[in-house]
file run-v8.txt (compact mmCIF, C-alpha atoms and all ligand atoms)
# COMPACT_ATOMS: atom_id res chain seq x y z
CA MET A 1 -8.15 1.15 -18.16
CA SER A 2 -11.06 -1.28 -17.92
CA ASP A 3 -12.29 -3.17 -14.86
CA SER A 4 -9.62 -5.84 -14.44
CA THR A 5 -11.96 -8.25 -12.64
CA ALA A 6 -14.74 -8.35 -15.22
CA PRO A 7 -14.83 -11.31 -17.58
CA ARG A 8 -15.43 -10.39 -21.19
CA THR A 9 -16.47 -12.66 -24.00
CA GLY A 10 -14.87 -11.86 -27.32
CA PRO A 11 -16.33 -11.72 -30.81
CA GLU A 12 -18.28 -14.67 -32.16
CA ILE A 13 -15.92 -17.31 -33.45
CA THR A 14 -17.06 -20.37 -35.31
CA THR A 15 -14.45 -22.98 -34.45
CA THR A 16 -15.23 -26.14 -32.54
CA ARG A 17 -12.32 -26.34 -30.08
CA ARG A 18 -11.70 -23.90 -27.28
CA ALA A 19 -8.52 -23.42 -25.25
CA LEU A 20 -7.74 -21.48 -22.10
CA VAL A 21 -4.21 -20.01 -22.13
CA THR A 22 -2.96 -18.62 -18.81
CA GLY A 23 -0.18 -16.06 -18.61
CA ALA A 24 -1.43 -14.73 -21.93
CA SER A 25 -0.56 -11.09 -21.33
CA SER A 26 3.05 -11.56 -22.47
CA GLY A 27 5.74 -13.87 -23.77
CA ILE A 28 5.01 -17.54 -24.42
CA GLY A 29 1.35 -17.25 -23.41
CA ALA A 30 0.63 -14.40 -25.84
CA ALA A 31 2.48 -16.25 -28.63
CA THR A 32 0.44 -19.38 -27.88
CA VAL A 33 -2.80 -17.41 -28.13
CA ARG A 34 -1.71 -16.01 -31.51
CA ARG A 35 -0.71 -19.44 -32.79
CA LEU A 36 -3.82 -21.29 -31.62
CA ARG A 37 -6.03 -18.55 -33.07
CA ALA A 38 -4.16 -18.86 -36.37
CA ASP A 39 -4.82 -22.61 -36.24
CA GLY A 40 -8.56 -21.98 -35.84
CA TRP A 41 -9.00 -22.45 -32.11
CA GLN A 42 -11.32 -20.36 -30.03
CA VAL A 43 -9.06 -19.07 -27.25
CA VAL A 44 -9.67 -17.57 -23.82
CA ALA A 45 -6.64 -15.49 -22.83
CA ALA A 46 -6.15 -15.15 -19.06
CA ALA A 47 -3.75 -13.12 -16.90
CA ARG A 48 -4.01 -10.24 -14.44
CA ARG A 49 -3.36 -7.30 -16.80
CA ALA A 50 -6.63 -6.70 -18.63
CA ASP A 51 -5.26 -3.91 -20.84
CA ARG A 52 -2.67 -6.22 -22.40
CA LEU A 53 -5.25 -8.98 -22.86
CA GLU A 54 -7.59 -6.55 -24.57
CA ALA A 55 -4.85 -5.50 -27.01
CA LEU A 56 -4.32 -9.19 -27.79
CA ALA A 57 -8.07 -9.65 -28.27
CA ALA A 58 -8.15 -6.73 -30.73
CA GLU A 59 -5.28 -8.33 -32.63
CA THR A 60 -6.36 -11.97 -32.61
CA GLY A 61 -10.09 -12.14 -31.80
CA CYS A 62 -9.44 -14.14 -28.64
CA GLU A 63 -11.69 -13.94 -25.61
CA VAL A 64 -10.35 -12.21 -22.53
CA TYR A 65 -10.56 -13.09 -18.86
CA ALA A 66 -8.64 -11.03 -16.30
CA VAL A 67 -7.82 -13.15 -13.27
CA ASP A 68 -5.27 -13.59 -10.51
CA LEU A 69 -4.57 -17.32 -10.51
CA THR A 70 -3.44 -17.24 -6.89
CA ASP A 71 -7.05 -16.50 -5.88
CA ASP A 72 -9.19 -19.61 -5.30
CA ALA A 73 -12.52 -17.84 -5.73
CA ALA A 74 -11.41 -16.04 -8.89
CA VAL A 75 -10.30 -19.31 -10.48
CA ALA A 76 -13.59 -20.98 -9.50
CA ALA A 77 -15.42 -18.06 -11.17
CA LEU A 78 -13.28 -18.51 -14.30
CA ALA A 79 -14.28 -22.18 -14.49
CA GLU A 80 -17.95 -21.25 -14.06
CA HIS A 81 -17.59 -18.68 -16.83
CA LEU A 82 -16.04 -21.28 -19.14
CA ALA A 83 -18.79 -23.79 -18.33
CA ALA A 84 -21.48 -21.22 -19.10
CA THR A 85 -19.92 -20.06 -22.38
CA GLY A 86 -19.13 -23.21 -24.33
CA GLY A 87 -16.89 -25.43 -22.17
CA LEU A 88 -13.24 -26.19 -22.75
CA ASP A 89 -11.13 -28.53 -24.90
CA ALA A 90 -7.65 -27.57 -23.70
CA VAL A 91 -5.92 -25.66 -20.96
CA VAL A 92 -2.39 -24.31 -21.37
CA ASN A 93 -1.10 -23.74 -17.83
CA ASN A 94 1.58 -21.26 -18.80
CA ALA A 95 1.38 -18.54 -16.13
CA GLY A 96 4.48 -18.63 -13.97
CA GLY A 97 7.97 -17.34 -13.60
CA ALA A 98 11.10 -16.96 -11.53
CA LEU A 99 12.00 -14.44 -8.84
CA GLY A 100 15.63 -13.78 -8.04
CA LEU A 101 18.80 -15.80 -8.43
CA ASP A 102 19.83 -16.06 -4.79
CA ARG A 103 21.91 -18.78 -3.22
CA VAL A 104 19.99 -20.99 -0.82
CA GLU A 105 21.60 -19.35 2.21
CA ASP A 106 20.42 -15.93 1.00
CA ALA A 107 17.00 -17.05 -0.22
CA ASP A 108 14.05 -14.73 0.07
CA ILE A 109 11.32 -16.83 1.70
CA ASP A 110 8.59 -14.64 0.29
CA GLY A 111 9.94 -14.99 -3.24
CA TRP A 112 9.99 -18.77 -2.89
CA ARG A 113 6.41 -18.68 -1.62
CA GLN A 114 5.33 -16.59 -4.64
CA MET A 115 7.08 -18.92 -7.09
CA TYR A 116 5.38 -21.94 -5.55
CA GLU A 117 2.05 -20.13 -5.47
CA ILE A 118 1.94 -19.27 -9.19
CA ASN A 119 3.94 -22.07 -10.85
CA VAL A 120 2.65 -24.98 -8.76
CA LEU A 121 -0.55 -24.01 -6.97
CA GLY A 122 -1.73 -21.81 -9.86
CA THR A 123 -1.40 -24.78 -12.21
CA LEU A 124 -3.05 -27.06 -9.66
CA ARG A 125 -5.90 -24.64 -8.99
CA VAL A 126 -6.71 -24.12 -12.68
CA THR A 127 -6.34 -27.81 -13.56
CA LYS A 128 -8.67 -28.91 -10.75
CA ALA A 129 -11.22 -26.28 -11.72
CA VAL A 130 -11.37 -27.11 -15.43
CA LEU A 131 -10.83 -30.89 -15.40
CA PRO A 132 -14.59 -31.64 -15.35
CA LEU A 133 -15.01 -29.46 -18.46
CA LEU A 134 -12.11 -31.19 -20.20
CA ARG A 135 -13.53 -34.62 -19.38
CA GLU A 136 -16.86 -33.59 -20.85
CA ALA A 137 -15.29 -32.22 -24.05
CA GLY A 138 -12.97 -35.21 -24.39
CA ALA A 139 -15.87 -37.64 -24.03
CA ALA A 140 -17.90 -35.77 -26.65
CA LYS A 141 -15.15 -35.03 -29.18
CA GLY A 142 -12.46 -37.69 -28.64
CA VAL A 143 -9.80 -35.96 -26.61
CA ALA A 144 -9.03 -32.89 -24.52
CA ASP A 145 -5.69 -31.55 -23.28
CA VAL A 146 -3.88 -30.27 -20.23
CA VAL A 147 -0.61 -28.59 -21.28
CA ASN A 148 1.76 -27.59 -18.49
CA MET A 149 4.59 -25.16 -19.22
CA THR A 150 7.39 -26.27 -16.94
CA SER A 151 11.03 -25.64 -17.83
CA THR A 152 14.42 -27.29 -18.10
CA ALA A 153 14.54 -25.95 -14.52
CA ALA A 154 12.25 -28.93 -13.80
CA GLN A 155 15.04 -31.31 -14.82
CA GLY A 156 18.06 -30.31 -12.76
CA ALA A 157 19.72 -27.83 -10.45
CA TYR A 158 21.67 -24.66 -11.09
CA GLU A 159 23.33 -22.34 -8.62
CA GLY A 160 20.98 -19.63 -7.42
CA GLY A 161 18.02 -21.40 -8.96
CA ALA A 162 16.63 -23.55 -6.15
CA GLY A 163 13.43 -21.56 -5.58
CA TYR A 164 12.49 -21.75 -9.26
CA THR A 165 13.84 -25.24 -9.95
CA GLY A 166 12.03 -26.51 -6.85
CA ALA A 167 8.74 -25.07 -8.03
CA LYS A 168 9.19 -26.33 -11.61
CA HIS A 169 10.16 -29.81 -10.36
CA ALA A 170 6.92 -29.83 -8.38
CA GLU A 171 4.96 -28.76 -11.47
CA HIS A 172 6.66 -31.58 -13.41
CA MET A 173 5.62 -34.10 -10.74
CA LEU A 174 2.07 -32.74 -10.76
CA SER A 175 2.00 -33.29 -14.54
CA GLN A 176 3.37 -36.82 -14.40
CA THR A 177 1.14 -37.87 -11.51
CA LEU A 178 -1.99 -36.51 -13.14
CA ARG A 179 -1.14 -38.38 -16.35
CA TRP A 180 -0.95 -41.63 -14.41
CA GLU A 181 -4.10 -40.91 -12.43
CA ILE A 182 -6.32 -40.15 -15.41
CA ALA A 183 -4.79 -42.61 -17.88
CA GLY A 184 -7.63 -44.19 -19.84
CA GLU A 185 -9.78 -41.06 -19.70
CA PRO A 186 -10.12 -38.84 -22.79
CA VAL A 187 -7.80 -36.16 -21.40
CA ARG A 188 -4.09 -35.99 -22.28
CA VAL A 189 -1.44 -34.45 -20.04
CA ILE A 190 1.35 -32.77 -21.98
CA GLU A 191 4.41 -31.07 -20.53
CA VAL A 192 6.55 -28.58 -22.42
CA ALA A 193 9.94 -27.80 -20.85
CA PRO A 194 11.81 -24.93 -22.52
CA GLY A 195 15.35 -23.80 -21.83
CA ALA A 196 16.25 -20.13 -22.35
CA VAL A 197 13.49 -18.21 -24.14
CA ALA A 198 14.01 -14.51 -24.75
CA THR A 199 10.64 -13.08 -23.76
CA GLU A 200 10.16 -9.44 -22.93
CA GLU A 201 9.37 -9.93 -19.24
CA PHE A 202 10.62 -13.26 -17.80
CA SER A 203 14.14 -12.11 -16.89
CA LEU A 204 13.01 -8.56 -16.12
CA VAL A 205 10.60 -9.99 -13.53
CA ARG A 206 13.29 -12.35 -12.24
CA PHE A 207 15.72 -9.48 -11.68
CA GLY A 208 13.18 -7.05 -10.25
CA GLY A 209 13.15 -4.77 -13.33
CA ASP A 210 16.95 -4.61 -13.84
CA ALA A 211 17.04 -4.37 -17.66
CA GLU A 212 20.82 -4.76 -17.90
CA LYS A 213 20.87 -8.01 -15.92
CA ALA A 214 17.88 -9.26 -17.90
CA ALA A 215 19.49 -8.51 -21.28
CA ALA A 216 22.73 -10.24 -20.23
CA VAL A 217 20.87 -13.58 -19.95
CA TYR A 218 20.43 -13.66 -23.73
CA GLU A 219 23.74 -12.18 -24.87
CA GLY A 220 26.20 -13.94 -27.18
CA TYR A 221 23.94 -16.68 -28.54
CA THR A 222 20.56 -17.13 -30.20
CA PRO A 223 17.95 -17.93 -27.56
CA LEU A 224 14.57 -19.47 -28.25
CA VAL A 225 11.73 -17.05 -28.89
CA ALA A 226 8.16 -17.38 -27.66
CA ASP A 227 6.94 -18.54 -31.09
CA ASP A 228 9.29 -21.56 -30.93
CA VAL A 229 7.47 -22.73 -27.80
CA ALA A 230 3.98 -21.83 -29.04
CA ASP A 231 4.72 -23.94 -32.09
CA ILE A 232 5.33 -26.99 -29.88
CA VAL A 233 2.14 -26.44 -27.90
CA ALA A 234 0.12 -26.17 -31.11
CA TRP A 235 1.76 -29.32 -32.48
CA ALA A 236 1.22 -31.35 -29.31
CA VAL A 237 -2.50 -30.54 -29.03
CA SER A 238 -3.07 -31.32 -32.69
CA ARG A 239 -1.78 -34.93 -32.59
CA PRO A 240 -4.29 -37.70 -33.34
CA ASP A 241 -6.51 -38.66 -30.40
CA HIS A 242 -4.56 -41.83 -29.54
CA VAL A 243 -1.20 -40.01 -29.23
CA ASN A 244 0.00 -38.43 -25.97
CA ILE A 245 3.07 -36.22 -26.13
CA ASP A 246 4.25 -36.66 -22.54
CA LEU A 247 7.13 -34.21 -22.46
CA VAL A 248 8.92 -31.98 -24.94
CA THR A 249 12.25 -30.51 -23.82
CA VAL A 250 13.43 -27.71 -26.07
CA ARG A 251 16.53 -25.55 -25.75
CA PRO A 252 18.48 -23.11 -27.89
CA ARG A 253 21.17 -25.01 -29.76
CA ALA A 254 23.79 -23.09 -27.76
CA GLN A 255 22.41 -24.35 -24.44
CA ALA A 256 23.39 -27.90 -23.48
CA HIS A 257 22.29 -27.62 -19.86
CA ASN A 258 20.74 -25.06 -17.49
CA SER A 259 24.19 -23.77 -16.62
CA LYS A 260 26.01 -24.44 -19.89
CA ILE A 261 25.42 -21.86 -22.59
CA VAL A 262 28.04 -21.51 -25.32
CA ARG A 263 28.38 -17.80 -26.08
CA GLY A 264 30.24 -15.99 -28.82
CA THR A 265 30.40 -18.76 -31.40
CA GLY A 266 27.63 -17.49 -33.67
CA ILE A 267 24.95 -20.03 -32.75
N1 LIG B 1 11.35 -17.32 -20.65
C1 LIG B 1 12.00 -18.43 -20.34
O1 LIG B 1 13.25 -18.50 -20.49
C2 LIG B 1 11.27 -19.64 -19.85
C3 LIG B 1 11.94 -20.86 -19.90
C4 LIG B 1 11.30 -22.01 -19.44
C5 LIG B 1 10.01 -21.93 -18.94
N2 LIG B 1 9.39 -20.72 -18.87
C6 LIG B 1 8.03 -20.70 -18.30
O2 LIG B 1 7.13 -20.34 -19.33
C7 LIG B 1 6.03 -19.62 -18.75
C8 LIG B 1 5.88 -18.29 -19.46
O3 LIG B 1 7.10 -17.59 -19.39
P1 LIG B 1 7.38 -16.24 -20.17
O4 LIG B 1 8.80 -16.21 -20.51
O5 LIG B 1 6.37 -16.03 -21.24
O6 LIG B 1 7.18 -15.21 -18.96
P2 LIG B 1 6.45 -13.79 -18.85
O7 LIG B 1 6.57 -13.05 -20.15
O8 LIG B 1 6.99 -13.16 -17.61
O9 LIG B 1 4.92 -14.19 -18.64
C9 LIG B 1 4.41 -14.65 -17.44
C10 LIG B 1 2.90 -14.59 -17.52
O10 LIG B 1 2.34 -15.11 -16.30
C11 LIG B 1 1.31 -14.24 -15.89
N3 LIG B 1 1.12 -14.30 -14.45
C12 LIG B 1 2.07 -14.16 -13.49
N4 LIG B 1 1.51 -14.22 -12.28
C13 LIG B 1 0.17 -14.39 -12.47
C14 LIG B 1 -0.95 -14.51 -11.61
N5 LIG B 1 -0.82 -14.45 -10.27
N6 LIG B 1 -2.17 -14.69 -12.15
C15 LIG B 1 -2.32 -14.73 -13.49
N7 LIG B 1 -1.31 -14.63 -14.35
C16 LIG B 1 -0.08 -14.45 -13.85
C17 LIG B 1 1.78 -12.85 -16.34
O11 LIG B 1 0.66 -11.98 -16.55
P3 LIG B 1 0.17 -10.81 -15.57
O12 LIG B 1 1.40 -10.20 -14.96
O13 LIG B 1 -0.57 -9.91 -16.49
O14 LIG B 1 -0.71 -11.51 -14.59
C18 LIG B 1 2.38 -13.18 -17.70
O15 LIG B 1 1.38 -13.19 -18.69
C19 LIG B 1 6.31 -19.52 -17.26
O16 LIG B 1 5.65 -20.58 -16.59
C20 LIG B 1 7.82 -19.71 -17.18
O17 LIG B 1 8.21 -20.21 -15.92
C21 LIG B 1 9.98 -19.57 -19.33
call {"tool": "encode", "arguments": {"input": "run-v8.txt", "output": "structure tokens"}}
result
Amino acid sequence: MSDSTAPRTGPEITTTRRALVTGASSGIGAATVRRLRADGWQVVAAARRADRLEALAAETGCEVYAVDLTDDAAVAALAEHLAATGGLDAVVNNAGGALGLDRVEDADIDGWRQMYEINVLGTLRVTKAVLPLLREAGAAKGVADVVNMTSTAAQGAYEGGAGYTGAKHAEHMLSQTLRWEIAGEPVRVIEVAPGAVATEEFSLVRFGGDAEKAAAVYEGYTPLVADDVADIVAWAVSRPDHVNIDLVTVRPRAQAHNSKIVRGTGI
């Protein structure tokens, strides 16, 4: 396996817009890299697992940057790398996830801390670091984009979900506040809030590797897939310069609410 800390610039690509996608080593992030590349974007794929990023680079021609987004210095180095290699037109703050499904009285403090660290502070850290680059690109080309991947968990409670819903609510508030603060500048703030998406790792990570519990989350109905969400990201960042898609909430048709999924009816 290669050195997971070394940045690597991918093959020469001749498009004019460049996006950073975090959490690109699996699920929604990887699908977003594939989709943006197909749409002609230059894409920097970031996550911790360099081997998975390199496989994605071989498949799509994206650039690769292995980074732990909970590390201040590593994120600062990522921003310096981006500045030195062509700047940035969009960031998709997608890295994140849930840990556990414990009631509040049984909550694992460390798990809550980790969820806050990656979903909220990871998004904050990356956004702060790349905002100057986005401003520069937006001023030169018309518009640049911050896309934050929150969740329907940012819109309400469910039992056992408070650690994750709390973090995603905070990420939602970060998104809304930033939009207000930089209104009038050439940088849009877009939030995408999916319901249940069957990705290979989200529920496995949530349930500590318990494949049976993870599979049960998606049984008896047709969940969203990562491409459904990537499609929305690609659409939102390709709107005309004067349009800001504030928030897209997307769920499987069988899911009316975080805790209401209709199973066994064929949808
Ligand atoms: N799946 C769903 O049902 C669903 C629904 C709504 C919202 N979401 C949100 O959508 C996003 C993507 O979810 P997903 O389903 O695609 O999950 P996933 O497959 O588990 O992907 C999570 C990604 O985050 C990266 N990541 C985690 N910690 C990191 C860290 N410290 N530094 C850098 N990267 C890190 C992981 O890469 P490494 O492990 O290689 O670092 C991985 O690429 C998350 O924010 C999630 O909360 C998911």
call {"tool": "atom_distance", "arguments": {"input": "run-v8.txt", "atom1": "CA of Gly100 in chain A", "atom2": "CA of Trp112 in chain A"}}
result
9.1 Å
call {"tool": "residues_around", "arguments": {"input": "run-v8.txt", "residues": "range 201-203 of chain A", "least_positions_apart": "3", "cutoff": "12 Å", "atoms": "all atoms listed in the file", "output": "short mmCIF file (atom, residue, chain, number, x, y, z; two decimals) with C-alpha atoms, in the coordinates of the input"}}
result
data_model
loop_
_atom_site.label_atom_id
_atom_site.label_comp_id
_atom_site.auth_asym_id
_atom_site.auth_seq_id
_atom_site.Cartn_x
_atom_site.Cartn_y
_atom_site.Cartn_z
CA GLY A 23 -0.18 -16.06 -18.61
CA SER A 25 -0.56 -11.09 -21.33
CA SER A 26 3.05 -11.56 -22.47
CA GLY A 27 5.74 -13.87 -23.77
CA ILE A 28 5.01 -17.54 -24.42
CA GLY A 29 1.35 -17.25 -23.41
CA ALA A 30 0.63 -14.40 -25.84
CA ALA A 95 1.38 -18.54 -16.13
CA GLY A 96 4.48 -18.63 -13.97
CA GLY A 97 7.97 -17.34 -13.60
CA ALA A 98 11.10 -16.96 -11.53
CA LEU A 99 12.00 -14.44 -8.84
CA GLY A 100 15.63 -13.78 -8.04
CA LEU A 101 18.80 -15.80 -8.43
CA ALA A 196 16.25 -20.13 -22.35
CA VAL A 197 13.49 -18.21 -24.14
CA ALA A 198 14.01 -14.51 -24.75
CA ARG A 206 13.29 -12.35 -12.24
CA PHE A 207 15.72 -9.48 -11.68
CA GLY A 208 13.18 -7.05 -10.25
CA GLY A 209 13.15 -4.77 -13.33
CA ASP A 210 16.95 -4.61 -13.84
CA ALA A 211 17.04 -4.37 -17.66
CA GLU A 212 20.82 -4.76 -17.90
CA LYS A 213 20.87 -8.01 -15.92
CA ALA A 214 17.88 -9.26 -17.90
CA ALA A 215 19.49 -8.51 -21.28
CA ALA A 216 22.73 -10.24 -20.23
CA VAL A 217 20.87 -13.58 -19.95
CA TYR A 218 20.43 -13.66 -23.73
CA VAL A 225 11.73 -17.05 -28.89
CA ALA A 226 8.16 -17.38 -27.66
#
call {"tool": "residues_around", "arguments": {"input": "run-v8.txt", "residues": "Val126 in chain A", "least_positions_apart": "3", "cutoff": "8 Å", "atoms": "all atoms listed in the file", "output": "ChimeraX atom specification"}}
result
/A:69,75,93,122-123,129-130
call {"tool": "write_last_selection", "arguments": {"input": "run-v8.txt", "atoms": "C-alpha atoms", "output": "compact mmCIF listing (two decimals), in the coordinates of the input"}}
result
# COMPACT_ATOMS: atom_id res chain seq x y z
CA LEU A 69 -4.57 -17.32 -10.51
CA VAL A 75 -10.30 -19.31 -10.48
CA ASN A 93 -1.10 -23.74 -17.83
CA GLY A 122 -1.73 -21.81 -9.86
CA THR A 123 -1.40 -24.78 -12.21
CA ALA A 129 -11.22 -26.28 -11.72
CA VAL A 130 -11.37 -27.11 -15.43
call {"tool": "atom_distance", "arguments": {"input": "run-v8.txt", "atom1": "CA of Leu133 in chain A", "atom2": "atom N3 of ligand LIG 1 (chain B)"}}
result
22.5 Å
call {"tool": "closest_residue", "arguments": {"input": "run-v8.txt", "among": "A:Glu181, A:Glu191, A:Asp110, A:Glu136", "to": "ligand LIG 1 (chain B)", "atoms": "all atoms listed in the file"}}
result
A:Glu191
call {"tool": "residues_around", "arguments": {"input": "run-v8.txt", "residues": "Trp180 in chain A", "least_positions_apart": "6", "cutoff": "12 Å", "atoms": "only C-alpha atoms", "output": "ChimeraX atom specification"}}
result
/A:173-174,187-190,246
call {"tool": "closest_residue", "arguments": {"input": "run-v8.txt", "among": "A:Gly184, A:Arg103, A:Lys141, A:Ala31", "to": "Glu59 in chain A", "atoms": "all atoms listed in the file"}}
result
A:Ala31
call {"tool": "closest_residue", "arguments": {"input": "run-v8.txt", "among": "A:Ala157, A:Ala139, A:Ala167, A:Val262", "to": "Thr222 in chain A", "atoms": "only C-alpha atoms"}}
result
A:Val262
call {"tool": "axis_aligned_box", "arguments": {"input": "run-v8.txt", "around": "ligand LIG 1 (chain B)", "padding_each_side": "4 Å", "output": "lines of an AutoDock Vina configuration file"}}
result
center_x = 5.5
center_y = -16.0
center_z = -15.8
size_x = 23.6
size_y = 20.1
size_z = 19.0
call {"tool": "closest_residue", "arguments": {"input": "run-v8.txt", "among": "A:Ile118, A:Cys62, A:Ala74, A:Val233", "to": "ligand LIG 1 (chain B)", "atoms": "all atoms listed in the file"}}
result
A:Ile118
call {"tool": "atom_distance", "arguments": {"input": "run-v8.txt", "atom1": "CA of Val147 in chain A", "atom2": "CA of Trp235 in chain A"}}
result
11.5 Å
call {"tool": "residues_around", "arguments": {"input": "run-v8.txt", "residues": "range 83-89 of chain A", "least_positions_apart": "6", "cutoff": "6 Å", "atoms": "only C-alpha atoms", "output": "count of residues only"}}
result
7
call {"tool": "residues_around", "arguments": {"input": "run-v8.txt", "residues": "Val33 in chain A", "least_positions_apart": "4", "cutoff": "12 Å", "atoms": "all atoms listed in the file", "output": "ChimeraX atom specification"}}
result
/A:18-29,37-46,53,56-57,59-64,91-92,94,226-227,229-231,233-234
call {"tool": "write_last_selection", "arguments": {"input": "run-v8.txt", "atoms": "C-alpha atoms", "output": "tab-separated table (two decimals), keeping the file's coordinate frame"}}
result
chain	number	residue	atom	x	y	z
A	18	ARG	CA	-11.70	-23.90	-27.28
A	19	ALA	CA	-8.52	-23.42	-25.25
A	20	LEU	CA	-7.74	-21.48	-22.10
A	21	VAL	CA	-4.21	-20.01	-22.13
A	22	THR	CA	-2.96	-18.62	-18.81
A	23	GLY	CA	-0.18	-16.06	-18.61
A	24	ALA	CA	-1.43	-14.73	-21.93
A	25	SER	CA	-0.56	-11.09	-21.33
A	26	SER	CA	3.05	-11.56	-22.47
A	27	GLY	CA	5.74	-13.87	-23.77
A	28	ILE	CA	5.01	-17.54	-24.42
A	29	GLY	CA	1.35	-17.25	-23.41
A	37	ARG	CA	-6.03	-18.55	-33.07
A	38	ALA	CA	-4.16	-18.86	-36.37
A	39	ASP	CA	-4.82	-22.61	-36.24
A	40	GLY	CA	-8.56	-21.98	-35.84
A	41	TRP	CA	-9.00	-22.45	-32.11
A	42	GLN	CA	-11.32	-20.36	-30.03
A	43	VAL	CA	-9.06	-19.07	-27.25
A	44	VAL	CA	-9.67	-17.57	-23.82
A	45	ALA	CA	-6.64	-15.49	-22.83
A	46	ALA	CA	-6.15	-15.15	-19.06
A	53	LEU	CA	-5.25	-8.98	-22.86
A	56	LEU	CA	-4.32	-9.19	-27.79
A	57	ALA	CA	-8.07	-9.65	-28.27
A	59	GLU	CA	-5.28	-8.33	-32.63
A	60	THR	CA	-6.36	-11.97	-32.61
A	61	GLY	CA	-10.09	-12.14	-31.80
A	62	CYS	CA	-9.44	-14.14	-28.64
A	63	GLU	CA	-11.69	-13.94	-25.61
A	64	VAL	CA	-10.35	-12.21	-22.53
A	91	VAL	CA	-5.92	-25.66	-20.96
A	92	VAL	CA	-2.39	-24.31	-21.37
A	94	ASN	CA	1.58	-21.26	-18.80
A	226	ALA	CA	8.16	-17.38	-27.66
A	227	ASP	CA	6.94	-18.54	-31.09
A	229	VAL	CA	7.47	-22.73	-27.80
A	230	ALA	CA	3.98	-21.83	-29.04
A	231	ASP	CA	4.72	-23.94	-32.09
A	233	VAL	CA	2.14	-26.44	-27.90
A	234	ALA	CA	0.12	-26.17	-31.11
call {"tool": "closest_residue", "arguments": {"input": "run-v8.txt", "among": "A:Pro132, A:Gly195, A:Gly161, A:Gly220", "to": "Met149 in chain A", "atoms": "only C-alpha atoms"}}
result
A:Gly195
call {"tool": "closest_residue", "arguments": {"input": "run-v8.txt", "among": "A:Ala162, A:Ala58, A:Val143, A:Ile245", "to": "Asp108 in chain A", "atoms": "only C-alpha atoms"}}
result
A:Ala162
call {"tool": "decode", "arguments": {"input": "run-v8.txt", "residues": "range 70-83 of chain A", "atoms": "N, CA and C atoms", "output": "PDB file, in the first residue's frame"}}
result
ATOM      1  N   THR A  70      -9.871  15.252  10.548  1.00  0.00           N
ATOM      2  CA  THR A  70      -9.924  15.690  11.945  1.00  0.00           C
ATOM      3  C   THR A  70      -8.596  16.323  12.368  1.00  0.00           C
ATOM      4  N   ASP A  71      -7.655  16.414  11.438  1.00  0.00           N
ATOM      5  CA  ASP A  71      -6.310  16.908  11.733  1.00  0.00           C
ATOM      6  C   ASP A  71      -6.139  18.312  11.128  1.00  0.00           C
ATOM      7  N   ASP A  72      -6.042  19.311  12.006  1.00  0.00           N
ATOM      8  CA  ASP A  72      -5.938  20.712  11.544  1.00  0.00           C
ATOM      9  C   ASP A  72      -4.806  20.914  10.548  1.00  0.00           C
ATOM     10  N   ALA A  73      -3.626  20.409  10.914  1.00  0.00           N
ATOM     11  CA  ALA A  73      -2.438  20.655  10.076  1.00  0.00           C
ATOM     12  C   ALA A  73      -2.588  19.968   8.724  1.00  0.00           C
ATOM     13  N   ALA A  74      -3.162  18.769   8.727  1.00  0.00           N
ATOM     14  CA  ALA A  74      -3.330  18.027   7.471  1.00  0.00           C
ATOM     15  C   ALA A  74      -4.313  18.753   6.546  1.00  0.00           C
ATOM     16  N   VAL A  75      -5.341  19.337   7.121  1.00  0.00           N
ATOM     17  CA  VAL A  75      -6.314  20.071   6.294  1.00  0.00           C
ATOM     18  C   VAL A  75      -5.678  21.361   5.762  1.00  0.00           C
ATOM     19  N   ALA A  76      -4.878  22.015   6.588  1.00  0.00           N
ATOM     20  CA  ALA A  76      -4.170  23.221   6.117  1.00  0.00           C
ATOM     21  C   ALA A  76      -3.248  22.854   4.958  1.00  0.00           C
ATOM     22  N   ALA A  77      -2.578  21.702   5.061  1.00  0.00           N
ATOM     23  CA  ALA A  77      -1.675  21.259   3.987  1.00  0.00           C
ATOM     24  C   ALA A  77      -2.474  20.946   2.715  1.00  0.00           C
ATOM     25  N   LEU A  78      -3.653  20.380   2.879  1.00  0.00           N
ATOM     26  CA  LEU A  78      -4.519  20.113   1.715  1.00  0.00           C
ATOM     27  C   LEU A  78      -4.862  21.421   1.007  1.00  0.00           C
ATOM     28  N   ALA A  79      -5.226  22.434   1.775  1.00  0.00           N
ATOM     29  CA  ALA A  79      -5.587  23.722   1.162  1.00  0.00           C
ATOM     30  C   ALA A  79      -4.376  24.332   0.445  1.00  0.00           C
ATOM     31  N   GLU A  80      -3.204  24.191   1.042  1.00  0.00           N
ATOM     32  CA  GLU A  80      -1.989  24.706   0.381  1.00  0.00           C
ATOM     33  C   GLU A  80      -1.738  23.958  -0.921  1.00  0.00           C
ATOM     34  N   HIS A  81      -1.927  22.648  -0.878  1.00  0.00           N
ATOM     35  CA  HIS A  81      -1.762  21.831  -2.082  1.00  0.00           C
ATOM     36  C   HIS A  81      -2.724  22.285  -3.187  1.00  0.00           C
ATOM     37  N   LEU A  82      -3.972  22.524  -2.799  1.00  0.00           N
ATOM     38  CA  LEU A  82      -4.972  22.957  -3.790  1.00  0.00           C
ATOM     39  C   LEU A  82      -4.587  24.317  -4.376  1.00  0.00           C
ATOM     40  N   ALA A  83      -4.127  25.220  -3.499  1.00  0.00           N
ATOM     41  CA  ALA A  83      -3.743  26.563  -3.959  1.00  0.00           C
ATOM     42  C   ALA A  83      -2.586  26.483  -4.951  1.00  0.00           C
TER      43      ALA A  83
END
